[in-house]
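Worksheet: one structure, shown below.
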Amino acid sequence: MTESQAVIKELVDKARAAQQQVANYTQEQIDEVCLSVSWQMYNDEIISILAKNAVEETKMGVYEDKIKKHKGKVLGLMRDLVGAKSVGLIERDERKGISKYAKPVGVVGALTPVTNPTATPASNALSILKGRNAVIFAPHPASKNSSKLAVDYMREGLKKVGAPEDLIQIIEEPSIELTGELMKQVDLVLATGGSAMVKAAYSSGTPAYGVGPGNSVQIIAEDADIVDAAAKIAMSKQFDNATSCSSENSLIVHEDIYDGFLEELKKNNGYLCDGAEKEKLKAWMWVPNKKGYVGLNPQIIARSAVKIAGDAGFQVDENVKMLMVEGKLPVETEQFSQEKISPVLTIFKYSTFEEAVKILTDLTDMVGTGHSCGIHTFNKEYIEFLGQTMKTSRILVRQPQAQGNGGNFFNGMPSTVTLGCGTWGGNITTENINYRHFINVTWVSEPLPPTKPTDEEMWGNFWAKYGK
């Protein structure tokens, strides 16, 4: 046995022992566990410490926004979890004679991104615990301390209600080798992070839930309320310096409202870069690595607009929270079409709805197929057309994408930090990953009087039209 195998085996063995202790918990008992752990991650004093540590360790995001993220995500999750059935008989269909019983999946290995090192473990832990499971987190090396701190606080919540603390553990000194071994030894993998991480999870030989790349795009139609749309987009794009993969990456704005809409974005702390500034920004945001491959500069990820501009070689006012560039067509020729994971927004102009849809499709096909898109309009035909045609798992109407995709109090989406993108994004599901994904369900089938249809009932209409 290698050293990595031994380290992970010890964690998994402790997790299995802890999980067995709660495997027969009642619904009331496991709900009490979730309430205790969630309070740890909602308590103002604790999340203030977590937010401060996350920003200091990663140099990413905004302290105040990380607090808001904890409050919103944890409360949203508990809204969904309280009263939900995850133990024993969860569903009975008398007509079909089917009863469904929930069972734990076991031990979950959860991979956590550097961009959200405390709220992601908190959110995922609650969904996993709801099914009477254990979880071992594999944090990003650059955020291992803040993720460890979050786990420590959650373990205190377990202890408070007499639940085994080893239901929640973490790899304290993470590495590629240890994360790879974790994925092999657990019962289920949850991968929240970059494409390489998700691909590794799917290649581990263990059942896995993963996410696809973001690159969310919004259409701003000619009938949009530009004041409302600009405020929501600015709120979304600027939140936590765009750490969320749901942050609007590009906008497609109708020509009739284009100038007025840009002015509204400027009122919301946006700064429109001129041609020279755009080129400086491009040169700083995409840089070659040691092998000569040009990729997104890690130094811009989730940094402030002021810092990004300064590092790129031009100055903006201290109140600027979002840099904007005008995109050129076709989108394949525009570097700023790519996902940017920073408060930098690309804006395209369109004249017809068909043109807007083509730009939207091209942008998401480049990177982000299956993830999400949105539209600011009151035109039901536009909304229905996108719903019918877009290869995307979620479409938000007149909402901020970062706050809305993962569920919020202003919409009915399940609360989560992990967004499935379907086969379009290389994932197994299009759903918002929630507690239902962490239970095994036993179907009990009872006999019914036979209801076998005749050949005539099944194919009669077909025969009448085409013959036998």
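Every chain in the structure tokens has a letter given in the order shown (A, B, ...), and although residue numbers restart at 1 in each chain, ligands are simply numbered from 1 in the order shown.
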| How would you write, as a list in words, the set of residues in segment 214-330 of chain A that DSSP gives as strand (DSSP E or B)? | Ser216, Val217, Gln218, Ile219, Ile220, Glu248, Asn249, Ser250, Leu251, Ile252, Val253, His254, Gly270, Tyr271, Leu272, Trp286, Val287, Pro288, Val294, Gly295, Leu296, Met322, Leu323, Met324, Val325 and Glu326 of chain A
Could those residues be written to a file, using C-alpha atoms, as a PDB file, in the first residue's frame?
ATOM      1  CA  SER A 216     -23.173  32.489 -18.607  1.00  0.00           C
ATOM      2  CA  VAL A 217     -24.576  34.876 -21.205  1.00  0.00           C
ATOM      3  CA  GLN A 218     -27.624  37.162 -21.056  1.00  0.00           C
ATOM      4  CA  ILE A 219     -29.673  38.660 -23.877  1.00  0.00           C
ATOM      5  CA  ILE A 220     -30.972  42.171 -23.185  1.00  0.00           C
ATOM      6  CA  GLU A 248     -22.599  36.881 -16.487  1.00  0.00           C
ATOM      7  CA  ASN A 249     -19.588  36.584 -18.746  1.00  0.00           C
ATOM      8  CA  SER A 250     -21.104  38.347 -21.770  1.00  0.00           C
ATOM      9  CA  LEU A 251     -24.181  40.377 -22.654  1.00  0.00           C
ATOM     10  CA  ILE A 252     -25.961  40.594 -26.004  1.00  0.00           C
ATOM     11  CA  VAL A 253     -27.782  43.936 -26.175  1.00  0.00           C
ATOM     12  CA  HIS A 254     -30.313  45.139 -28.742  1.00  0.00           C
ATOM     13  CA  GLY A 270     -19.061  49.851 -14.543  1.00  0.00           C
ATOM     14  CA  TYR A 271     -16.182  51.209 -16.626  1.00  0.00           C
ATOM     15  CA  LEU A 272     -16.108  50.877 -20.418  1.00  0.00           C
ATOM     16  CA  TRP A 286      -4.385  35.790 -21.179  1.00  0.00           C
ATOM     17  CA  VAL A 287      -0.742  34.835 -20.843  1.00  0.00           C
ATOM     18  CA  PRO A 288       1.379  31.896 -22.063  1.00  0.00           C
ATOM     19  CA  VAL A 294      -2.038  30.820 -23.744  1.00  0.00           C
ATOM     20  CA  GLY A 295      -4.536  30.593 -20.910  1.00  0.00           C
ATOM     21  CA  LEU A 296      -6.322  32.718 -18.340  1.00  0.00           C
ATOM     22  CA  MET A 322     -16.645  46.066 -13.162  1.00  0.00           C
ATOM     23  CA  LEU A 323     -14.624  46.476 -16.365  1.00  0.00           C
ATOM     24  CA  MET A 324     -16.532  46.322 -19.651  1.00  0.00           C
ATOM     25  CA  VAL A 325     -15.292  45.732 -23.198  1.00  0.00           C
ATOM     26  CA  GLU A 326     -17.210  45.781 -26.461  1.00  0.00           C
TER      27      GLU A 326
END
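In the backbone-derived DSSP annotation, alpha helix (DSSP H) within segment 301-347 of chain A comprises Ala305, Val306, Lys307, Ile308, Ala309, Gly310, Asp311 and Ala312 of chain A.
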| said: Measuring between only C-alpha atoms, which one of A:Lys71, A:Arg79, A:His437, A:Arg92 shows the shortest distance to Leu190 of chain A? | reply: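 Among A:Lys71, A:Arg79, A:His437, A:Arg92, it is A:His437 that comes nearest to Leu190 of chain A.
Reported to one decimal place, the separation of atom CA of Ala229 of chain A from atom CA of Ser372 of chain A is 17.1 Å.
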| Which residue, A:Leu111, A:Leu35, A:Leu262, A:Ala17, has the smallest gap to Ala200 of chain A when you use only C-alpha atoms? | A:Leu111
| field | Shell of 9 Å around Trp459 of chain A, only C-alpha atoms, local chain residues under 5 positions omitted, as a list in words | value |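 Selected residues are Thr454, Ala464 and Lys468 of chain A.
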Can you write just those residues out, N, CA, C and O atoms, as a PDB file, in the first residue's frame?
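Generated output (out33.pdb):
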ATOM      1  N   THR A 454     -54.656  -4.261 -25.438  1.00  0.00           N
ATOM      2  CA  THR A 454     -54.771  -5.111 -26.626  1.00  0.00           C
ATOM      3  C   THR A 454     -53.931  -4.531 -27.749  1.00  0.00           C
ATOM      4  O   THR A 454     -53.544  -3.353 -27.724  1.00  0.00           O
ATOM      5  N   ALA A 464     -54.633   2.365 -38.966  1.00  0.00           N
ATOM      6  CA  ALA A 464     -55.600   3.092 -39.768  1.00  0.00           C
ATOM      7  C   ALA A 464     -54.922   4.106 -40.678  1.00  0.00           C
ATOM      8  O   ALA A 464     -55.380   4.364 -41.806  1.00  0.00           O
ATOM      9  N   LYS A 468     -51.157  -2.229 -41.707  1.00  0.00           N
ATOM     10  CA  LYS A 468     -50.333  -3.128 -40.900  1.00  0.00           C
ATOM     11  C   LYS A 468     -49.006  -3.451 -41.599  1.00  0.00           C
ATOM     12  O   LYS A 468     -48.936  -3.498 -42.801  1.00  0.00           O
TER      13      LYS A 468
END
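Using only C-alpha atoms, the smallest distance between any of A:Val22, A:Ile301, A:Met154, A:Ala231 and Thr58 of chain A comes from A:Ile301.
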| query | Hey, what's within 12 Å of Val82 of chain A if we count only C-alpha atoms and toss same-chain stuff fewer than 6 positions away? As a list in words, please? | reply | Gln27, Glu28, Ile30, Asp31, Glu32, Val33, Cys34, Leu35, Ser38, Val74, Leu75, Gly76, Leu126, Ser127, Lys130 and Tyr435 of chain A
Please produce a file of the residues just selected, as a short mmCIF file (atom, residue, chain, number, x, y, z; two decimals), in the first residue's frame, where the atoms kept are C-alpha atoms.
data_model
loop_
_atom_site.label_atom_id
_atom_site.label_comp_id
_atom_site.auth_asym_id
_atom_site.auth_seq_id
_atom_site.Cartn_x
_atom_site.Cartn_y
_atom_site.Cartn_z
CA GLN A 27 -35.66 11.75 10.09
CA GLU A 28 -35.87 13.89 13.23
CA ILE A 30 -30.69 13.68 10.97
CA ASP A 31 -32.64 16.91 10.61
CA GLU A 32 -31.31 17.98 14.01
CA VAL A 33 -27.79 17.25 12.74
CA CYS A 34 -28.40 19.46 9.69
CA LEU A 35 -29.81 22.26 11.84
CA SER A 38 -26.03 24.79 9.35
CA VAL A 74 -27.13 28.12 4.02
CA LEU A 75 -30.57 29.62 4.63
CA GLY A 76 -31.68 28.64 1.12
CA LEU A 126 -25.64 19.83 4.43
CA SER A 127 -27.03 18.09 1.34
CA LYS A 130 -29.36 14.98 4.95
CA TYR A 435 -29.92 16.18 -1.13
#
| note | Using only C-alpha atoms, the best pick from A:Ile46, A:Met390, A:Ile136, A:Ala142 as closest to Glu165 of chain A would be A:Ile136
Could you give me, as a PDB file with all heavy atoms, in the first residue's frame, the residues within 12 Å of segment 386-388 of chain A, counting only C-alpha atoms and dropping anything in the same chain fewer than 2 positions from it?
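For reference, result-v6.pdb as written:
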ATOM      1  N   GLN A 218     -26.271  36.628 -21.115  1.00  0.00           N
ATOM      2  CA  GLN A 218     -27.624  37.162 -21.056  1.00  0.00           C
ATOM      3  C   GLN A 218     -27.933  37.980 -22.307  1.00  0.00           C
ATOM      4  O   GLN A 218     -27.092  38.746 -22.780  1.00  0.00           O
ATOM      5  CB  GLN A 218     -27.787  38.068 -19.825  1.00  0.00           C
ATOM      6  CG  GLN A 218     -27.762  37.342 -18.501  1.00  0.00           C
ATOM      7  CD  GLN A 218     -29.106  37.408 -17.775  1.00  0.00           C
ATOM      8  OE1 GLN A 218     -30.154  37.549 -18.393  1.00  0.00           O
ATOM      9  NE2 GLN A 218     -29.060  37.283 -16.465  1.00  0.00           N
ATOM     10  N   ILE A 219     -29.147  37.792 -22.817  1.00  0.00           N
ATOM     11  CA  ILE A 219     -29.673  38.660 -23.877  1.00  0.00           C
ATOM     12  C   ILE A 219     -30.451  39.793 -23.212  1.00  0.00           C
ATOM     13  O   ILE A 219     -31.266  39.551 -22.316  1.00  0.00           O
ATOM     14  CB  ILE A 219     -30.599  37.882 -24.828  1.00  0.00           C
ATOM     15  CG1 ILE A 219     -29.810  36.843 -25.630  1.00  0.00           C
ATOM     16  CG2 ILE A 219     -31.327  38.843 -25.776  1.00  0.00           C
ATOM     17  CD1 ILE A 219     -30.682  35.943 -26.501  1.00  0.00           C
ATOM     18  N   PHE A 353     -33.667  39.281 -33.137  1.00  0.00           N
ATOM     19  CA  PHE A 353     -33.628  38.230 -32.133  1.00  0.00           C
ATOM     20  C   PHE A 353     -32.891  37.003 -32.660  1.00  0.00           C
ATOM     21  O   PHE A 353     -32.161  36.337 -31.913  1.00  0.00           O
ATOM     22  CB  PHE A 353     -35.053  37.853 -31.710  1.00  0.00           C
ATOM     23  CG  PHE A 353     -35.104  36.816 -30.619  1.00  0.00           C
ATOM     24  CD1 PHE A 353     -34.617  37.092 -29.352  1.00  0.00           C
ATOM     25  CD2 PHE A 353     -35.624  35.556 -30.870  1.00  0.00           C
ATOM     26  CE1 PHE A 353     -34.653  36.134 -28.346  1.00  0.00           C
ATOM     27  CE2 PHE A 353     -35.659  34.591 -29.869  1.00  0.00           C
ATOM     28  CZ  PHE A 353     -35.177  34.886 -28.600  1.00  0.00           C
ATOM     29  N   GLU A 354     -33.047  36.710 -33.943  1.00  0.00           N
ATOM     30  CA  GLU A 354     -32.350  35.575 -34.546  1.00  0.00           C
ATOM     31  C   GLU A 354     -30.842  35.758 -34.443  1.00  0.00           C
ATOM     32  O   GLU A 354     -30.104  34.801 -34.171  1.00  0.00           O
ATOM     33  CB  GLU A 354     -32.760  35.419 -36.017  1.00  0.00           C
ATOM     34  CG  GLU A 354     -34.191  34.987 -36.241  1.00  0.00           C
ATOM     35  CD  GLU A 354     -35.217  36.074 -35.967  1.00  0.00           C
ATOM     36  OE1 GLU A 354     -34.833  37.277 -35.998  1.00  0.00           O
ATOM     37  OE2 GLU A 354     -36.386  35.726 -35.669  1.00  0.00           O
ATOM     38  N   ALA A 356     -29.325  37.543 -32.128  1.00  0.00           N
ATOM     39  CA  ALA A 356     -28.983  37.408 -30.707  1.00  0.00           C
ATOM     40  C   ALA A 356     -28.850  35.945 -30.319  1.00  0.00           C
ATOM     41  O   ALA A 356     -27.914  35.560 -29.604  1.00  0.00           O
ATOM     42  CB  ALA A 356     -30.044  38.085 -29.847  1.00  0.00           C
ATOM     43  N   VAL A 357     -29.781  35.124 -30.801  1.00  0.00           N
ATOM     44  CA  VAL A 357     -29.746  33.698 -30.482  1.00  0.00           C
ATOM     45  C   VAL A 357     -28.504  33.044 -31.065  1.00  0.00           C
ATOM     46  O   VAL A 357     -27.877  32.191 -30.431  1.00  0.00           O
ATOM     47  CB  VAL A 357     -31.019  32.992 -30.970  1.00  0.00           C
ATOM     48  CG1 VAL A 357     -30.895  31.484 -30.807  1.00  0.00           C
ATOM     49  CG2 VAL A 357     -32.238  33.497 -30.208  1.00  0.00           C
ATOM     50  N   LYS A 358     -28.118  33.457 -32.267  1.00  0.00           N
ATOM     51  CA  LYS A 358     -26.903  32.892 -32.884  1.00  0.00           C
ATOM     52  C   LYS A 358     -25.668  33.258 -32.062  1.00  0.00           C
ATOM     53  O   LYS A 358     -24.799  32.406 -31.798  1.00  0.00           O
ATOM     54  CB  LYS A 358     -26.731  33.374 -34.316  1.00  0.00           C
ATOM     55  CG  LYS A 358     -25.515  32.715 -34.993  1.00  0.00           C
ATOM     56  CD  LYS A 358     -25.331  33.167 -36.413  1.00  0.00           C
ATOM     57  CE  LYS A 358     -24.233  32.337 -37.104  1.00  0.00           C
ATOM     58  NZ  LYS A 358     -22.990  32.208 -36.320  1.00  0.00           N
ATOM     59  N   LEU A 360     -25.610  34.057 -28.884  1.00  0.00           N
ATOM     60  CA  LEU A 360     -25.746  33.315 -27.631  1.00  0.00           C
ATOM     61  C   LEU A 360     -25.294  31.868 -27.800  1.00  0.00           C
ATOM     62  O   LEU A 360     -24.534  31.333 -26.986  1.00  0.00           O
ATOM     63  CB  LEU A 360     -27.205  33.359 -27.169  1.00  0.00           C
ATOM     64  CG  LEU A 360     -27.589  32.508 -25.956  1.00  0.00           C
ATOM     65  CD1 LEU A 360     -26.839  32.972 -24.708  1.00  0.00           C
ATOM     66  CD2 LEU A 360     -29.091  32.565 -25.719  1.00  0.00           C
ATOM     67  N   THR A 361     -25.758  31.239 -28.867  1.00  0.00           N
ATOM     68  CA  THR A 361     -25.407  29.840 -29.126  1.00  0.00           C
ATOM     69  C   THR A 361     -23.912  29.687 -29.386  1.00  0.00           C
ATOM     70  O   THR A 361     -23.263  28.774 -28.858  1.00  0.00           O
ATOM     71  CB  THR A 361     -26.199  29.302 -30.328  1.00  0.00           C
ATOM     72  OG1 THR A 361     -27.603  29.463 -30.073  1.00  0.00           O
ATOM     73  CG2 THR A 361     -25.896  27.839 -30.569  1.00  0.00           C
ATOM     74  N   SER A 372     -25.812  27.537 -18.416  1.00  0.00           N
ATOM     75  CA  SER A 372     -26.912  28.469 -18.170  1.00  0.00           C
ATOM     76  C   SER A 372     -26.854  29.638 -19.134  1.00  0.00           C
ATOM     77  O   SER A 372     -25.821  29.921 -19.745  1.00  0.00           O
ATOM     78  CB  SER A 372     -26.854  29.017 -16.734  1.00  0.00           C
ATOM     79  OG  SER A 372     -25.661  29.755 -16.542  1.00  0.00           O
ATOM     80  N   CYS A 373     -27.976  30.293 -19.255  1.00  0.00           N
ATOM     81  CA  CYS A 373     -28.044  31.574 -19.951  1.00  0.00           C
ATOM     82  C   CYS A 373     -29.250  32.315 -19.394  1.00  0.00           C
ATOM     83  O   CYS A 373     -29.970  31.797 -18.535  1.00  0.00           O
ATOM     84  CB  CYS A 373     -28.139  31.406 -21.463  1.00  0.00           C
ATOM     85  SG  CYS A 373     -29.674  30.634 -22.038  1.00  0.00           S
ATOM     86  N   GLY A 374     -29.458  33.527 -19.859  1.00  0.00           N
ATOM     87  CA  GLY A 374     -30.582  34.295 -19.352  1.00  0.00           C
ATOM     88  C   GLY A 374     -31.060  35.302 -20.361  1.00  0.00           C
ATOM     89  O   GLY A 374     -30.420  35.532 -21.395  1.00  0.00           O
ATOM     90  N   ILE A 375     -32.200  35.906 -20.061  1.00  0.00           N
ATOM     91  CA  ILE A 375     -32.746  36.933 -20.945  1.00  0.00           C
ATOM     92  C   ILE A 375     -33.545  37.930 -20.120  1.00  0.00           C
ATOM     93  O   ILE A 375     -34.279  37.553 -19.200  1.00  0.00           O
ATOM     94  CB  ILE A 375     -33.622  36.317 -22.062  1.00  0.00           C
ATOM     95  CG1 ILE A 375     -34.091  37.396 -23.050  1.00  0.00           C
ATOM     96  CG2 ILE A 375     -34.804  35.542 -21.486  1.00  0.00           C
ATOM     97  CD1 ILE A 375     -34.691  36.843 -24.330  1.00  0.00           C
ATOM     98  N   THR A 377     -36.414  40.221 -20.747  1.00  0.00           N
ATOM     99  CA  THR A 377     -37.498  40.503 -21.689  1.00  0.00           C
ATOM    100  C   THR A 377     -38.821  40.194 -21.016  1.00  0.00           C
ATOM    101  O   THR A 377     -38.865  39.487 -20.002  1.00  0.00           O
ATOM    102  CB  THR A 377     -37.358  39.652 -22.964  1.00  0.00           C
ATOM    103  OG1 THR A 377     -38.329  40.069 -23.928  1.00  0.00           O
ATOM    104  CG2 THR A 377     -37.587  38.172 -22.665  1.00  0.00           C
ATOM    105  N   ASN A 379     -41.220  39.342 -23.399  1.00  0.00           N
ATOM    106  CA  ASN A 379     -41.768  38.687 -24.580  1.00  0.00           C
ATOM    107  C   ASN A 379     -41.802  37.174 -24.362  1.00  0.00           C
ATOM    108  O   ASN A 379     -40.763  36.515 -24.340  1.00  0.00           O
ATOM    109  CB  ASN A 379     -40.914  39.038 -25.807  1.00  0.00           C
ATOM    110  CG  ASN A 379     -41.521  38.558 -27.104  1.00  0.00           C
ATOM    111  OD1 ASN A 379     -42.074  37.465 -27.178  1.00  0.00           O
ATOM    112  ND2 ASN A 379     -41.396  39.373 -28.145  1.00  0.00           N
ATOM    113  N   LYS A 380     -43.004  36.624 -24.204  1.00  0.00           N
ATOM    114  CA  LYS A 380     -43.158  35.195 -23.931  1.00  0.00           C
ATOM    115  C   LYS A 380     -42.618  34.338 -25.071  1.00  0.00           C
ATOM    116  O   LYS A 380     -42.120  33.225 -24.844  1.00  0.00           O
ATOM    117  CB  LYS A 380     -44.633  34.864 -23.699  1.00  0.00           C
ATOM    118  CG  LYS A 380     -45.228  35.483 -22.446  1.00  0.00           C
ATOM    119  CD  LYS A 380     -44.670  34.848 -21.186  1.00  0.00           C
ATOM    120  CE  LYS A 380     -45.373  35.354 -19.947  1.00  0.00           C
ATOM    121  NZ  LYS A 380     -44.788  34.791 -18.699  1.00  0.00           N
ATOM    122  N   GLU A 381     -42.716  34.824 -26.300  1.00  0.00           N
ATOM    123  CA  GLU A 381     -42.227  34.049 -27.443  1.00  0.00           C
ATOM    124  C   GLU A 381     -40.714  33.891 -27.382  1.00  0.00           C
ATOM    125  O   GLU A 381     -40.181  32.820 -27.699  1.00  0.00           O
ATOM    126  CB  GLU A 381     -42.646  34.721 -28.753  1.00  0.00           C
ATOM    127  CG  GLU A 381     -44.156  34.669 -29.011  1.00  0.00           C
ATOM    128  CD  GLU A 381     -44.523  35.276 -30.352  1.00  0.00           C
ATOM    129  OE1 GLU A 381     -43.596  35.655 -31.114  1.00  0.00           O
ATOM    130  OE2 GLU A 381     -45.729  35.383 -30.623  1.00  0.00           O
ATOM    131  N   TYR A 382     -40.015  34.947 -26.993  1.00  0.00           N
ATOM    132  CA  TYR A 382     -38.564  34.855 -26.853  1.00  0.00           C
ATOM    133  C   TYR A 382     -38.199  33.809 -25.790  1.00  0.00           C
ATOM    134  O   TYR A 382     -37.320  32.966 -25.992  1.00  0.00           O
ATOM    135  CB  TYR A 382     -37.972  36.207 -26.432  1.00  0.00           C
ATOM    136  CG  TYR A 382     -37.988  37.296 -27.471  1.00  0.00           C
ATOM    137  CD1 TYR A 382     -37.632  38.604 -27.124  1.00  0.00           C
ATOM    138  CD2 TYR A 382     -38.359  37.047 -28.793  1.00  0.00           C
ATOM    139  CE1 TYR A 382     -37.627  39.631 -28.060  1.00  0.00           C
ATOM    140  CE2 TYR A 382     -38.363  38.071 -29.736  1.00  0.00           C
ATOM    141  CZ  TYR A 382     -38.002  39.359 -29.362  1.00  0.00           C
ATOM    142  OH  TYR A 382     -38.001  40.374 -30.286  1.00  0.00           O
ATOM    143  N   ILE A 383     -38.889  33.903 -24.664  1.00  0.00           N
ATOM    144  CA  ILE A 383     -38.602  32.998 -23.545  1.00  0.00           C
ATOM    145  C   ILE A 383     -38.855  31.553 -23.952  1.00  0.00           C
ATOM    146  O   ILE A 383     -38.025  30.663 -23.714  1.00  0.00           O
ATOM    147  CB  ILE A 383     -39.453  33.377 -22.320  1.00  0.00           C
ATOM    148  CG1 ILE A 383     -39.093  34.790 -21.841  1.00  0.00           C
ATOM    149  CG2 ILE A 383     -39.261  32.362 -21.192  1.00  0.00           C
ATOM    150  CD1 ILE A 383     -40.076  35.373 -20.845  1.00  0.00           C
ATOM    151  N   GLU A 384     -39.993  31.315 -24.592  1.00  0.00           N
ATOM    152  CA  GLU A 384     -40.336  29.953 -24.999  1.00  0.00           C
ATOM    153  C   GLU A 384     -39.362  29.434 -26.045  1.00  0.00           C
ATOM    154  O   GLU A 384     -38.977  28.257 -26.008  1.00  0.00           O
ATOM    155  CB  GLU A 384     -41.766  29.906 -25.545  1.00  0.00           C
ATOM    156  CG  GLU A 384     -42.210  28.500 -25.912  1.00  0.00           C
ATOM    157  CD  GLU A 384     -43.645  28.426 -26.390  1.00  0.00           C
ATOM    158  OE1 GLU A 384     -44.388  29.416 -26.249  1.00  0.00           O
ATOM    159  OE2 GLU A 384     -44.021  27.358 -26.932  1.00  0.00           O
ATOM    160  N   MET A 390     -32.382  26.070 -26.667  1.00  0.00           N
ATOM    161  CA  MET A 390     -31.033  26.208 -26.118  1.00  0.00           C
ATOM    162  C   MET A 390     -30.560  24.927 -25.435  1.00  0.00           C
ATOM    163  O   MET A 390     -31.282  24.320 -24.655  1.00  0.00           O
ATOM    164  CB  MET A 390     -30.966  27.363 -25.114  1.00  0.00           C
ATOM    165  CG  MET A 390     -30.858  28.728 -25.754  1.00  0.00           C
ATOM    166  SD  MET A 390     -29.410  28.901 -26.843  1.00  0.00           S
ATOM    167  CE  MET A 390     -28.070  28.699 -25.680  1.00  0.00           C
ATOM    168  N   LYS A 391     -29.336  24.524 -25.724  1.00  0.00           N
ATOM    169  CA  LYS A 391     -28.724  23.369 -25.068  1.00  0.00           C
ATOM    170  C   LYS A 391     -28.118  23.840 -23.745  1.00  0.00           C
ATOM    171  O   LYS A 391     -26.907  23.974 -23.599  1.00  0.00           O
ATOM    172  CB  LYS A 391     -27.649  22.755 -25.968  1.00  0.00           C
ATOM    173  CG  LYS A 391     -28.212  22.131 -27.247  1.00  0.00           C
ATOM    174  CD  LYS A 391     -27.109  21.572 -28.116  1.00  0.00           C
ATOM    175  CE  LYS A 391     -27.660  20.929 -29.380  1.00  0.00           C
ATOM    176  NZ  LYS A 391     -26.589  20.431 -30.272  1.00  0.00           N
ATOM    177  N   THR A 392     -29.009  24.100 -22.818  1.00  0.00           N
ATOM    178  CA  THR A 392     -28.585  24.617 -21.530  1.00  0.00           C
ATOM    179  C   THR A 392     -29.501  24.075 -20.442  1.00  0.00           C
ATOM    180  O   THR A 392     -30.660  23.754 -20.703  1.00  0.00           O
ATOM    181  CB  THR A 392     -28.596  26.163 -21.532  1.00  0.00           C
ATOM    182  OG1 THR A 392     -27.981  26.645 -20.355  1.00  0.00           O
ATOM    183  CG2 THR A 392     -30.013  26.718 -21.611  1.00  0.00           C
ATOM    184  N   SER A 393     -28.976  23.951 -19.247  1.00  0.00           N
ATOM    185  CA  SER A 393     -29.722  23.324 -18.164  1.00  0.00           C
ATOM    186  C   SER A 393     -30.602  24.290 -17.391  1.00  0.00           C
ATOM    187  O   SER A 393     -31.520  23.870 -16.700  1.00  0.00           O
ATOM    188  CB  SER A 393     -28.746  22.646 -17.193  1.00  0.00           C
ATOM    189  OG  SER A 393     -27.977  21.680 -17.860  1.00  0.00           O
ATOM    190  N   ARG A 394     -30.310  25.566 -17.476  1.00  0.00           N
ATOM    191  CA  ARG A 394     -31.125  26.543 -16.755  1.00  0.00           C
ATOM    192  C   ARG A 394     -31.124  27.866 -17.509  1.00  0.00           C
ATOM    193  O   ARG A 394     -30.076  28.328 -17.986  1.00  0.00           O
ATOM    194  CB  ARG A 394     -30.639  26.718 -15.303  1.00  0.00           C
ATOM    195  CG  ARG A 394     -29.160  26.912 -15.156  1.00  0.00           C
ATOM    196  CD  ARG A 394     -28.648  26.628 -13.753  1.00  0.00           C
ATOM    197  NE  ARG A 394     -28.807  25.239 -13.345  1.00  0.00           N
ATOM    198  CZ  ARG A 394     -27.972  24.252 -13.727  1.00  0.00           C
ATOM    199  NH1 ARG A 394     -26.952  24.509 -14.539  1.00  0.00           N
ATOM    200  NH2 ARG A 394     -28.167  23.023 -13.311  1.00  0.00           N
ATOM    201  N   ILE A 395     -32.299  28.455 -17.637  1.00  0.00           N
ATOM    202  CA  ILE A 395     -32.468  29.757 -18.287  1.00  0.00           C
ATOM    203  C   ILE A 395     -33.177  30.671 -17.301  1.00  0.00           C
ATOM    204  O   ILE A 395     -34.285  30.378 -16.851  1.00  0.00           O
ATOM    205  CB  ILE A 395     -33.289  29.647 -19.587  1.00  0.00           C
ATOM    206  CG1 ILE A 395     -32.573  28.736 -20.599  1.00  0.00           C
ATOM    207  CG2 ILE A 395     -33.524  31.035 -20.192  1.00  0.00           C
ATOM    208  CD1 ILE A 395     -33.394  28.431 -21.843  1.00  0.00           C
ATOM    209  N   LEU A 396     -32.543  31.764 -16.942  1.00  0.00           N
ATOM    210  CA  LEU A 396     -33.138  32.702 -16.001  1.00  0.00           C
ATOM    211  C   LEU A 396     -33.757  33.879 -16.747  1.00  0.00           C
ATOM    212  O   LEU A 396     -33.151  34.416 -17.682  1.00  0.00           O
ATOM    213  CB  LEU A 396     -32.097  33.221 -15.013  1.00  0.00           C
ATOM    214  CG  LEU A 396     -31.452  32.187 -14.082  1.00  0.00           C
ATOM    215  CD1 LEU A 396     -30.730  32.893 -12.947  1.00  0.00           C
ATOM    216  CD2 LEU A 396     -32.469  31.213 -13.510  1.00  0.00           C
ATOM    217  N   VAL A 397     -34.933  34.252 -16.339  1.00  0.00           N
ATOM    218  CA  VAL A 397     -35.664  35.357 -16.959  1.00  0.00           C
ATOM    219  C   VAL A 397     -35.705  36.538 -15.995  1.00  0.00           C
ATOM    220  O   VAL A 397     -36.195  36.418 -14.875  1.00  0.00           O
ATOM    221  CB  VAL A 397     -37.098  34.931 -17.326  1.00  0.00           C
ATOM    222  CG1 VAL A 397     -37.856  36.100 -17.969  1.00  0.00           C
ATOM    223  CG2 VAL A 397     -37.081  33.733 -18.268  1.00  0.00           C
TER     224      VAL A 397
END
| said: I'd like to know which of A:Glu94, A:Glu181, A:Glu222, A:Glu431 is closest to Asp256 of chain A, using only C-alpha atoms. | reply: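 Using only C-alpha atoms, Asp256 of chain A sits closest to A:Glu222.
Shell of Ile233 of chain A at 9 Å, with only C-alpha atoms counted and residues fewer than 2 places along the chain excluded, is Gln218, Asp228, Ala229, Ala230, Ala231, Met235, Ser236, Lys237, Gln238, Ser247, Glu248, Leu265, Gln399, Pro400, Gln401 and Ala402 of chain A.
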| task | Write out as a ChimeraX atom specification each polymer residue whose atoms come within 12 Å of Gln299 of chain A, counting only C-alpha atoms; drop sequence neighbours fewer than 5 positions from it. | result | /A:58-60,284-287,304,307-309,311-312,340-342
| Separation of atom CA of Ala242 of chain A from atom CA of Lys282 of chain A in Å |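 Going from atom CA of Lys282 of chain A over to atom CA of Ala242 of chain A, I get 17.6 Å.
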